>>> print(open('my_file_17.cif').read())   # mmCIF, C-alpha atoms
data_target
loop_
_atom_site.label_atom_id
_atom_site.label_comp_id
_atom_site.auth_asym_id
_atom_site.auth_seq_id
_atom_site.Cartn_x
_atom_site.Cartn_y
_atom_site.Cartn_z
CA MET A 1 0.00 0.00 0.00
CA THR A 2 1.23 3.51 -0.68
CA MET A 3 0.61 5.83 2.18
CA ASP A 4 0.02 9.46 1.50
CA GLU A 5 0.45 12.54 3.66
CA ILE A 6 -3.00 12.12 5.21
CA ASP A 7 -2.28 8.51 6.24
CA ARG A 8 0.95 9.61 7.86
CA THR A 9 -0.81 12.42 9.67
CA ILE A 10 -3.43 9.96 10.92
CA LEU A 11 -0.79 7.56 12.24
CA ASN A 12 1.23 10.26 13.93
CA ARG A 13 -1.86 11.86 15.41
CA LEU A 14 -3.38 8.62 16.71
CA GLN A 15 -0.20 7.27 18.28
CA THR A 16 -0.36 9.77 21.08
CA ALA A 17 -3.98 10.03 22.15
CA PHE A 18 -7.45 9.06 21.14
CA PRO A 19 -10.50 10.79 22.55
CA VAL A 20 -12.93 8.91 24.74
CA CYS A 21 -16.17 10.65 23.81
CA ASP A 22 -19.32 9.78 21.87
CA ARG A 23 -17.92 10.38 18.37
CA PRO A 24 -14.16 10.03 18.76
CA TYR A 25 -13.42 9.51 15.07
CA ALA A 26 -15.41 12.61 14.13
CA LYS A 27 -13.42 14.65 16.63
CA VAL A 28 -10.04 13.42 15.40
CA ALA A 29 -11.10 13.87 11.77
CA ALA A 30 -12.19 17.43 12.44
CA ASP A 31 -8.80 18.17 14.07
CA MET A 32 -7.12 16.98 10.90
CA GLY A 33 -9.48 18.71 8.51
CA ILE A 34 -10.90 15.55 6.95
CA GLY A 35 -14.29 13.88 7.20
CA GLU A 36 -15.20 11.19 9.72
CA GLU A 37 -15.98 8.69 6.94
CA GLU A 38 -12.66 9.32 5.27
CA LEU A 39 -10.81 8.69 8.53
CA LEU A 40 -12.71 5.45 9.14
CA GLN A 41 -12.08 4.29 5.60
CA ARG A 42 -8.37 5.02 5.78
CA LEU A 43 -8.02 3.26 9.14
CA GLN A 44 -9.86 0.25 7.77
CA CYS A 45 -7.55 0.20 4.78
CA MET A 46 -4.39 0.44 6.92
CA LEU A 47 -5.65 -2.40 9.12
CA GLU A 48 -6.36 -4.56 6.09
CA GLU A 49 -2.95 -3.79 4.60
CA GLY A 50 -1.20 -4.64 7.85
CA VAL A 51 0.31 -1.21 8.49
CA LEU A 52 -1.66 -1.20 11.72
CA SER A 53 -1.91 -4.34 13.77
CA ARG A 54 -4.76 -2.99 15.82
CA PHE A 55 -6.40 0.19 16.83
CA GLY A 56 -7.50 0.58 20.42
CA PRO A 57 -6.32 0.69 24.00
CA LEU A 58 -3.04 -0.74 25.30
CA PHE A 59 -3.60 -2.17 28.73
CA ASN A 60 -1.08 -2.08 31.49
CA ALA A 61 -1.15 -5.58 32.93
CA SER A 62 0.59 -4.65 36.16
CA ALA A 63 -1.82 -1.78 36.87
CA MET A 64 -4.66 -4.26 36.33
CA GLY A 65 -3.14 -6.53 38.90
CA GLY A 66 -1.79 -8.87 36.25
CA GLY A 67 1.74 -10.01 35.52
CA LEU A 68 4.02 -8.60 32.86
CA THR A 69 7.60 -9.50 32.14
CA LEU A 70 10.25 -9.92 29.46
CA CYS A 71 11.86 -13.34 29.11
CA ALA A 72 14.93 -14.51 27.26
CA MET A 73 16.13 -17.93 26.13
CA ALA A 74 19.33 -19.11 24.50
CA VAL A 75 17.88 -21.63 22.06
CA PRO A 76 20.18 -23.89 20.00
CA PRO A 77 19.55 -22.84 16.38
CA GLU A 78 18.41 -26.32 15.27
CA GLN A 79 15.68 -26.27 17.94
CA PHE A 80 14.60 -22.72 17.33
CA GLU A 81 11.47 -23.41 15.28
CA THR A 82 10.16 -26.05 17.65
CA VAL A 83 10.76 -23.91 20.71
CA ALA A 84 9.20 -20.88 19.01
CA ARG A 85 6.04 -22.88 18.27
CA GLU A 86 5.89 -24.05 21.87
CA VAL A 87 6.35 -20.57 23.31
CA ASN A 88 3.99 -18.88 20.85
CA SER A 89 1.27 -21.38 21.62
CA TYR A 90 0.68 -19.62 24.94
CA PRO A 91 -1.97 -16.92 24.64
CA GLU A 92 -0.10 -15.08 27.41
CA VAL A 93 2.85 -14.50 25.07
CA ALA A 94 2.18 -11.03 23.71
CA HIS A 95 5.06 -10.92 21.32
CA ASN A 96 8.20 -12.83 20.59
CA TYR A 97 11.30 -11.66 18.74
CA GLU A 98 14.18 -13.63 17.36
CA ARG A 99 17.33 -11.59 18.00
CA ASP A 100 20.91 -11.80 16.81
CA HIS A 101 22.61 -13.00 19.99
CA GLU A 102 23.29 -16.15 21.98
CA PHE A 103 20.13 -15.12 23.84
CA ASN A 104 18.14 -15.37 20.64
CA MET A 105 14.53 -15.57 21.79
CA TRP A 106 12.91 -12.66 23.62
CA PHE A 107 9.25 -12.67 24.49
CA VAL A 108 6.85 -10.66 26.57
CA LEU A 109 4.48 -12.46 28.89
CA ALA A 110 1.30 -10.73 30.02
CA THR A 111 -0.85 -12.71 32.41
CA GLU A 112 -4.07 -11.96 34.18
CA ILE A 113 -2.67 -12.93 37.57
CA PRO A 114 1.00 -12.45 38.55
CA GLN A 115 1.47 -16.05 39.76
CA ARG A 116 0.74 -17.32 36.27
CA ILE A 117 4.09 -15.92 35.07
CA ASP A 118 6.05 -18.48 37.06
CA GLU A 119 3.73 -21.28 35.97
CA VAL A 120 4.15 -20.49 32.28
CA LEU A 121 7.92 -20.15 32.61
CA ALA A 122 8.20 -23.45 34.46
CA GLU A 123 6.07 -25.18 31.82
CA ILE A 124 8.18 -23.80 28.98
CA GLU A 125 11.38 -24.89 30.72
CA GLN A 126 9.97 -28.32 31.31
CA LYS A 127 8.72 -28.79 27.75
CA THR A 128 11.85 -27.45 26.07
CA GLY A 129 14.58 -28.32 28.55
CA ILE A 130 15.98 -24.80 28.06
CA ALA A 131 16.37 -22.22 30.81
CA VAL A 132 14.07 -19.21 30.66
CA TYR A 133 15.52 -16.01 32.06
CA ASN A 134 12.87 -13.88 33.66
CA MET A 135 13.74 -10.21 33.34
CA PRO A 136 10.96 -8.22 34.96
CA LYS A 137 10.99 -4.47 34.66
CA GLU A 138 12.37 -2.77 37.74
CA GLU A 139 12.17 0.82 36.68
CA GLU A 140 10.79 2.63 33.68
CA PHE A 141 12.63 5.64 32.35
CA PHE A 142 10.53 6.22 29.29
CA VAL A 143 7.46 4.58 27.80
CA GLY A 144 6.27 6.63 24.88
CA LEU A 145 6.85 4.19 22.01
CA ARG A 146 6.30 6.47 19.04
CA PHE A 147 7.22 6.47 15.41
CA ASP A 148 7.35 9.42 13.12
CA VAL A 149 6.08 8.10 9.85
CA MET B 150 -9.69 1.73 41.06
CA VAL B 151 -10.98 -1.77 41.57
CA LEU B 152 -11.86 -3.45 38.31
CA THR B 153 -15.25 -5.05 38.27
CA GLU B 154 -16.44 -8.04 36.31
CA LYS B 155 -18.01 -5.55 33.90
CA ASP B 156 -14.66 -3.79 33.41
CA TYR B 157 -12.99 -7.06 32.54
CA ARG B 158 -15.70 -7.77 30.01
CA LEU B 159 -15.20 -4.31 28.56
CA ILE B 160 -11.44 -4.90 28.35
CA ALA B 161 -12.00 -8.24 26.68
CA ALA B 162 -14.37 -6.66 24.15
CA ILE B 163 -11.90 -4.02 22.97
CA GLN B 164 -8.50 -5.63 23.46
CA ASP B 165 -8.29 -6.57 19.81
CA GLY B 166 -9.32 -3.14 18.68
CA LEU B 167 -12.05 -0.58 18.76
CA PRO B 168 -14.80 -0.89 16.13
CA LEU B 169 -14.40 1.47 13.19
CA VAL B 170 -17.88 2.98 13.32
CA ASN B 171 -19.26 6.41 14.11
CA HIS B 172 -20.18 5.52 17.70
CA PRO B 173 -17.61 2.90 18.66
CA TYR B 174 -18.26 3.07 22.39
CA ALA B 175 -22.00 2.66 21.85
CA GLU B 176 -21.36 -0.42 19.72
CA VAL B 177 -19.08 -1.96 22.33
CA GLY B 178 -21.63 -1.13 25.03
CA ALA B 179 -24.42 -2.76 23.05
CA GLN B 180 -22.51 -6.06 23.06
CA LEU B 181 -22.11 -5.87 26.82
CA GLY B 182 -25.42 -4.41 27.93
CA MET B 183 -23.80 -1.12 28.88
CA SER B 184 -24.75 2.36 27.76
CA GLU B 185 -22.41 4.48 25.67
CA ASP B 186 -21.97 6.88 28.61
CA GLU B 187 -21.06 4.06 30.95
CA VAL B 188 -18.45 2.71 28.53
CA ILE B 189 -16.95 6.18 28.09
CA HIS B 190 -16.90 6.77 31.82
CA ARG B 191 -15.23 3.44 32.63
CA LEU B 192 -12.58 3.86 29.90
CA ASP B 193 -11.89 7.38 31.03
CA GLN B 194 -11.28 6.08 34.55
CA MET B 195 -8.96 3.37 33.26
CA LEU B 196 -6.94 5.97 31.37
CA LYS B 197 -6.68 8.19 34.44
CA GLU B 198 -5.62 5.26 36.62
CA GLY B 199 -3.02 4.05 34.15
CA ILE B 200 -4.80 0.75 33.51
CA ILE B 201 -4.87 1.83 29.90
CA ASN B 202 -1.37 3.05 29.06
CA ARG B 203 -2.38 4.77 25.96
CA PHE B 204 -5.20 4.75 23.50
CA GLY B 205 -4.22 4.70 19.92
CA VAL B 206 -2.81 2.82 17.01
CA VAL B 207 -0.37 -0.03 17.22
CA VAL B 208 1.87 0.59 14.25
CA ARG B 209 3.63 -2.37 12.76
CA HIS B 210 6.88 -0.58 12.32
CA ARG B 211 8.29 -3.15 9.91
CA GLU B 212 5.54 -2.43 7.43
CA LEU B 213 6.42 1.24 7.68
CA GLY B 214 10.00 0.71 6.67
CA TYR B 215 11.47 0.61 10.19
CA ARG B 216 12.97 -2.76 9.49
CA ALA B 217 15.89 -2.54 11.85
CA ASN B 218 15.21 -2.56 15.52
CA ALA B 219 17.85 -3.05 18.15
CA MET B 220 17.38 -3.75 21.78
CA VAL B 221 20.39 -1.99 23.23
CA VAL B 222 21.44 -3.42 26.57
CA TRP B 223 23.85 -1.68 28.93
CA ASP B 224 25.75 -2.87 31.97
CA VAL B 225 25.43 0.24 34.10
CA PRO B 226 27.03 0.49 37.54
CA ASP B 227 24.17 0.53 40.03
CA GLU B 228 25.12 3.93 41.39
CA ARG B 229 24.81 5.50 37.93
CA LEU B 230 21.59 3.79 36.90
CA GLU B 231 19.21 6.66 37.70
CA GLU B 232 21.39 9.20 35.94
CA ILE B 233 22.05 7.17 32.81
CA GLY B 234 18.50 5.78 32.63
CA ALA B 235 17.04 9.28 32.71
CA LEU B 236 19.60 10.49 30.19
CA LEU B 237 18.99 7.70 27.66
CA GLY B 238 15.24 7.77 28.23
CA SER B 239 15.09 11.44 27.30
CA GLN B 240 16.80 11.00 23.93
CA PRO B 241 14.35 11.25 21.03
CA GLN B 242 16.04 8.30 19.24
CA VAL B 243 15.23 6.03 22.19
CA THR B 244 11.70 4.66 22.20
CA LEU B 245 11.68 2.67 25.44
CA CYS B 246 14.03 2.65 28.40
CA TYR B 247 13.78 0.19 31.28
CA GLN B 248 15.85 -1.15 34.09
CA ARG B 249 15.62 -4.94 34.30
CA ALA B 250 17.09 -7.60 36.54
CA ARG B 251 20.60 -8.84 35.74
CA HIS B 252 21.26 -12.58 35.57
CA LEU B 253 24.90 -12.95 36.53
CA PRO B 254 27.16 -14.30 35.25
CA GLN B 255 25.42 -15.01 31.92
CA TRP B 256 23.69 -11.70 31.58
CA PRO B 257 25.24 -8.61 33.19
CA TYR B 258 23.00 -6.05 31.49
CA ASN B 259 20.57 -4.04 33.57
CA LEU B 260 19.39 -1.17 31.34
CA TYR B 261 17.44 -1.74 28.14
CA CYS B 262 16.43 0.65 25.44
CA MET B 263 15.00 0.30 21.96
CA VAL B 264 16.35 2.08 18.92
CA HIS B 265 14.58 1.78 15.56
CA GLY B 266 15.75 2.68 12.13
CA ARG B 267 15.23 1.89 8.51
CA ARG B 268 18.47 -0.10 8.27
CA ARG B 269 20.85 -1.74 10.72
CA GLU B 270 23.69 0.56 9.77
CA ALA B 271 21.54 3.57 10.62
CA VAL B 272 20.70 2.08 14.01
CA ARG B 273 24.39 1.36 14.69
CA GLY B 274 25.19 4.95 13.80
CA THR B 275 22.50 6.25 16.12
CA VAL B 276 23.86 4.18 18.99
CA ARG B 277 27.45 5.30 18.27
CA ARG B 278 26.30 8.91 18.39
CA LEU B 279 24.44 8.31 21.65
CA VAL B 280 27.58 6.80 23.20
CA ASN B 281 29.75 9.71 22.05
CA ASP B 282 27.33 12.51 22.78
CA LEU B 283 26.38 11.22 26.22
CA GLY B 284 29.88 10.14 27.23
CA LEU B 285 28.97 6.47 27.69
CA GLU B 286 32.22 5.02 26.33
CA GLU B 287 32.92 3.30 29.66
CA ILE B 288 29.54 1.59 29.86
CA PRO B 289 29.59 -1.85 28.19
CA HIS B 290 26.71 -2.29 25.78
CA GLN B 291 25.44 -4.63 23.10
CA LEU B 292 22.99 -4.30 20.24
CA LEU B 293 20.54 -7.17 19.77
CA PHE B 294 18.95 -6.74 16.36
CA SER B 295 15.64 -8.42 15.76
CA LYS B 296 15.55 -10.98 12.99
CA ARG B 297 11.92 -12.04 13.12
CA ARG B 298 8.78 -11.06 14.93
CA PHE B 299 6.32 -13.82 15.74
CA LYS B 300 3.51 -12.00 17.46
CA GLN B 301 2.62 -8.42 18.05
CA ARG B 302 -0.51 -7.47 19.80
CA GLY B 303 -1.71 -6.04 23.05
CA GLY B 304 -1.88 -8.31 26.07
CA HIS B 305 -4.83 -10.63 26.16
CA TYR B 306 -7.24 -10.76 29.04
CA ARG B 307 -10.11 -13.18 29.58
#
>>> encode(input="my_file_17.cif", output="structure tokens")
Amino acid sequence: MTMDEIDRTILNRLQTAFPVCDRPYAKVAADMGIGEEELLQRLQCMLEEGVLSRFGPLFNASAMGGGLTLCAMAVPPEQFETVAREVNSYPEVAHNYERDHEFNMWFVLATEIPQRIDEVLAEIEQKTGIAVYNMPKEEEFFVGLRFDV
Amino acid sequence: MVLTEKDYRLIAAIQDGLPLVNHPYAEVGAQLGMSEDEVIHRLDQMLKEGIINRFGVVVRHRELGYRANAMVVWDVPDERLEEIGALLGSQPQVTLCYQRARHLPQWPYNLYCMVHGRRREAVRGTVRRLVNDLGLEEIPHQLLFSKRRFKQRGGHYR
């Protein structure tokens, strides 16, 4: 898909805040000088094209009382695919990246209750025979993941 | 704020995205037997309380040409963690900055940040400039470039 200036403006605008009011799309569209229908259509198109993975709220599992952590594994390359399938089969795994390092698998676990973190990690270790390093966040210096597009 | 059963149902209803319709909160409410006003009020509370970090788009940065992303990990002496964490976290090139537990001896790194770019070389250059400009030559660091992404979505609840 080719994105034009308006698409870029939409993405940049919506990455920071979205109104919680009765006609949020109309409000954002008016701010940008386009129509509500045009905004909805463009968002739909970007979702279908995969530029956006979703549009909506990002929940903070720890503020909800849930568990959230980053985990790393050093997976032997020949086992990587099998281990990836095992790890990704957990709905609690929010995302999983293969990285260029001896610690080559990095995934985020988000669970409804904190105790579930240890259960999932123990299960993965047991099924794969590979140590899982639990690296919970201790302090946050910045959280505004943004992209200028 | 104590989340009620209703809140959890609301969270479950929108965790994969908000409907793209004129009255999205009314549509969500209709599925749950809640009024539009009630949905708006509860979401507003969740934003204020930090249960919702942010409301907006989740951009798949790879599709936008940000194909290189490095997790940059630093082994920062404990006594300098606050200073260097705040410093790195305030740089516009850095999109996330966290302190995480070390796992000695295999993993000495305790400060993590993300740097994105269109190509790996650009990301390496950005990190080199950060090191020089901020005087971090003495702080051991590594760049872990991502090779593949398997999943990317918000956390799932209920």
>>> resolve_selection(input="my_file_17.cif", expression="the PyMOL selection byres ((chain A and resi 130-141) around 6)", output="list in words")
Thr69, Leu70, Cys71, Ala72, Met73, Glu125, Thr128, Gly129 and Phe142 of chain A; Gly234, Ala235, Gly238, Cys246, Tyr247, Gln248, Arg249 and Ala250 of chain B
>>> closest_residue(input="my_file_17.cif", among="A:Met105, A:Ile6, A:Ala110, A:Leu39", to="chain B", atoms="all atoms listed in the file")
A:Ala110
>>> closest_residue(input="my_file_17.cif", among="B:Gly274, B:Met150, B:Glu185, B:Leu283", to="Lys197 in chain B", atoms="only C-alpha atoms")
B:Met150
>>> atom_distance(input="my_file_17.cif", atom1="CA of Tyr215 in chain B", atom2="CA of Gly266 in chain B")
5.1 Å
>>> interface_residues(input="my_file_17.cif", of="chain A", to="chain B", cutoff="7 Å", atoms="only C-alpha atoms", output="MDAnalysis selection string")
chainID A and resid 14:18 20:23 25 40 51:60 63:64 92 94:101 110 112 135:146
>>> residues_around(input="my_file_17.cif", residues="Arg116 in chain A", least_positions_apart="3", cutoff="12 Å", atoms="all atoms listed in the file", output="list in words")
Gly65, Gly66, Gly67, Leu68, Thr69, Tyr90, Pro91, Glu92, Val93, Leu109, Ala110, Thr111, Glu112, Ile113, Glu119, Val120, Leu121, Ala122 and Glu123 of chain A
>>> residues_around(input="my_file_17.cif", residues="Asp31 in chain A", least_positions_apart="3", cutoff="12 Å", atoms="all atoms listed in the file", output="MDAnalysis selection string")
chainID A and resid 9:10 13:14 18:19 24:28 34:36 39
>>> decode(input="my_file_17.cif", residues="range 232-274 of chain B", atoms="C-alpha atoms", output="PDB file, in the first residue's frame")
ATOM      1  CA  GLU B 232      21.393   9.203  35.938  1.00  0.00           C
ATOM      2  CA  ILE B 233      22.047   7.170  32.806  1.00  0.00           C
ATOM      3  CA  GLY B 234      18.502   5.776  32.631  1.00  0.00           C
ATOM      4  CA  ALA B 235      17.035   9.281  32.708  1.00  0.00           C
ATOM      5  CA  LEU B 236      19.601  10.493  30.192  1.00  0.00           C
ATOM      6  CA  LEU B 237      18.993   7.703  27.663  1.00  0.00           C
ATOM      7  CA  GLY B 238      15.242   7.774  28.230  1.00  0.00           C
ATOM      8  CA  SER B 239      15.092  11.438  27.304  1.00  0.00           C
ATOM      9  CA  GLN B 240      16.796  10.998  23.934  1.00  0.00           C
ATOM     10  CA  PRO B 241      14.352  11.251  21.028  1.00  0.00           C
ATOM     11  CA  GLN B 242      16.038   8.303  19.243  1.00  0.00           C
ATOM     12  CA  VAL B 243      15.233   6.032  22.187  1.00  0.00           C
ATOM     13  CA  THR B 244      11.701   4.657  22.195  1.00  0.00           C
ATOM     14  CA  LEU B 245      11.685   2.666  25.440  1.00  0.00           C
ATOM     15  CA  CYS B 246      14.030   2.651  28.403  1.00  0.00           C
ATOM     16  CA  TYR B 247      13.779   0.188  31.281  1.00  0.00           C
ATOM     17  CA  GLN B 248      15.848  -1.154  34.095  1.00  0.00           C
ATOM     18  CA  ARG B 249      15.621  -4.943  34.303  1.00  0.00           C
ATOM     19  CA  ALA B 250      17.091  -7.602  36.535  1.00  0.00           C
ATOM     20  CA  ARG B 251      20.596  -8.844  35.738  1.00  0.00           C
ATOM     21  CA  HIS B 252      21.261 -12.576  35.573  1.00  0.00           C
ATOM     22  CA  LEU B 253      24.897 -12.954  36.531  1.00  0.00           C
ATOM     23  CA  PRO B 254      27.157 -14.297  35.250  1.00  0.00           C
ATOM     24  CA  GLN B 255      25.422 -15.015  31.915  1.00  0.00           C
ATOM     25  CA  TRP B 256      23.691 -11.698  31.576  1.00  0.00           C
ATOM     26  CA  PRO B 257      25.238  -8.610  33.192  1.00  0.00           C
ATOM     27  CA  TYR B 258      23.001  -6.051  31.487  1.00  0.00           C
ATOM     28  CA  ASN B 259      20.572  -4.038  33.565  1.00  0.00           C
ATOM     29  CA  LEU B 260      19.395  -1.173  31.338  1.00  0.00           C
ATOM     30  CA  TYR B 261      17.439  -1.738  28.142  1.00  0.00           C
ATOM     31  CA  CYS B 262      16.432   0.645  25.437  1.00  0.00           C
ATOM     32  CA  MET B 263      14.999   0.304  21.956  1.00  0.00           C
ATOM     33  CA  VAL B 264      16.354   2.084  18.921  1.00  0.00           C
ATOM     34  CA  HIS B 265      14.584   1.775  15.559  1.00  0.00           C
ATOM     35  CA  GLY B 266      15.749   2.675  12.127  1.00  0.00           C
ATOM     36  CA  ARG B 267      15.228   1.893   8.509  1.00  0.00           C
ATOM     37  CA  ARG B 268      18.472  -0.095   8.269  1.00  0.00           C
ATOM     38  CA  ARG B 269      20.849  -1.741  10.718  1.00  0.00           C
ATOM     39  CA  GLU B 270      23.692   0.564   9.765  1.00  0.00           C
ATOM     40  CA  ALA B 271      21.536   3.572  10.624  1.00  0.00           C
ATOM     41  CA  VAL B 272      20.700   2.080  14.012  1.00  0.00           C
ATOM     42  CA  ARG B 273      24.392   1.360  14.692  1.00  0.00           C
ATOM     43  CA  GLY B 274      25.194   4.952  13.796  1.00  0.00           C
TER      44      GLY B 274
END
